[in-house]
Amino acid sequence: MVGGTGLYIKAFCEGLDSIPDIDVRVRQQIIAGYEEKGISWLQNQLEEKDQAYFQSGEMKNPQRMMRALEVKESTGNSILFYQRGEKIKRDFSIVKVGLELPKEELVERINKRVDMMMDEGQLEEVKSLAAFKNLNALQTVGYSELFDYLDKRIRLPEAIERIKISTRQYAKRQLTWFKKDEDISWFQPDKIDEIINHIK
């Protein structure tokens, strides 16, 4: 496996904790509340209703926050109650390898990639999706910034710079997540022989 979010890789290697079914009406109410009142509303709701998650959960990630709130509302328990971390035994060996670039090189690559995306039609793609801009799936890096530009809230150069900043912040969060996994061995990408020997 190459790439994937931290949660996807964790699920593949260890399985996921079982969480009871959520009342669809509760989910819809929470989504509507977030779309109307924003992330601060989610933060306040969790502070009031789920102190455990408020203290230790991801309080800047709306999707995770909505998930935590809907579990609390539907079950009466914090989502942390169900996240017991019991690993499933897999019938194959797992070797985890992380590739790490110097910070300056990573920043340069991110900036170049954003410029390349813009050159290859990112703005035109976002324009074609303008009618769906309130969907959660489009409240992501590279879309929300350009929706702000199309809504005349910011100028295009500022939108592009915000995409670069948000992407760098996302990369930092990813690195923080993966660095917590003590099973990952880290290498520079050009150390091919070292990586192959490690996998063997």
# chains A, B, ... in the order shown; residues from 1 in each chain; ligands from 1
call {"tool": "residues_around", "arguments": {"residues": "segment 119-126 of chain A", "least_positions_apart": "6", "cutoff": "12 Å", "atoms": "only C-alpha atoms", "output": "ChimeraX atom specification"}}
result
/A:112-113,132-133,138-151,156,159-160,163
call {"tool": "atom_distance", "arguments": {"atom1": "atom CA of Asp21 of chain A", "atom2": "atom CA of Leu80 of chain A"}}
result
15.4 Å
call {"tool": "closest_residue", "arguments": {"among": "A:Asn111, A:Met66, A:Gln188, A:Gln174", "to": "Gly4 of chain A", "atoms": "only C-alpha atoms"}}
result
A:Gln174
call {"tool": "select_by_dssp", "arguments": {"residues": "segment 84-176 of chain A", "states": "strand (DSSP E)", "output": "number ranges by chain"}}
result
A: 96-99
call {"tool": "atom_distance", "arguments": {"atom1": "atom CA of Val97 of chain A", "atom2": "atom CA of Ile199 of chain A"}}
result
8.2 Å
call {"tool": "residues_around", "arguments": {"residues": "Lys191 of chain A", "least_positions_apart": "2", "cutoff": "12 Å", "atoms": "only C-alpha atoms", "output": "number ranges by chain"}}
result
A: 97-101, 186-189, 193-198
call {"tool": "residues_around", "arguments": {"residues": "segment 36-43 of chain A", "least_positions_apart": "4", "cutoff": "8 Å", "atoms": "only C-alpha atoms", "output": "list in words"}}
result
Ala32, Glu47, Phe54, Met59, Lys60, Pro62, Met65, Met66 and Leu69 of chain A
call {"tool": "atom_distance", "arguments": {"atom1": "atom CA of Gly15 of chain A", "atom2": "atom CA of Ser74 of chain A"}}
result
22.9 Å
call {"tool": "closest_residue", "arguments": {"among": "A:Lys87, A:Val26, A:Glu35, A:Asn44", "to": "Glu14 of chain A", "atoms": "only C-alpha atoms"}}
result
A:Lys87
call {"tool": "select_by_dssp", "arguments": {"residues": "segment 35-125 of chain A", "states": "alpha helix (DSSP H)", "output": "ChimeraX atom specification"}}
result
/A:35-37,39-49,51-56,62-75,79-82,103-119,122-125
call {"tool": "closest_residue", "arguments": {"among": "A:Arg90, A:Arg168, A:Arg109, A:Lys10", "to": "Asp181 of chain A", "atoms": "only C-alpha atoms"}}
result
A:Lys10
call {"tool": "closest_residue", "arguments": {"among": "A:Ile94, A:Leu46, A:Arg27, A:Val107", "to": "Glu70 of chain A", "atoms": "only C-alpha atoms"}}
result
A:Arg27
call {"tool": "closest_residue", "arguments": {"among": "A:Glu48, A:Gly76, A:Val114, A:Gly57", "to": "Ser166 of chain A", "atoms": "only C-alpha atoms"}}
result
A:Val114
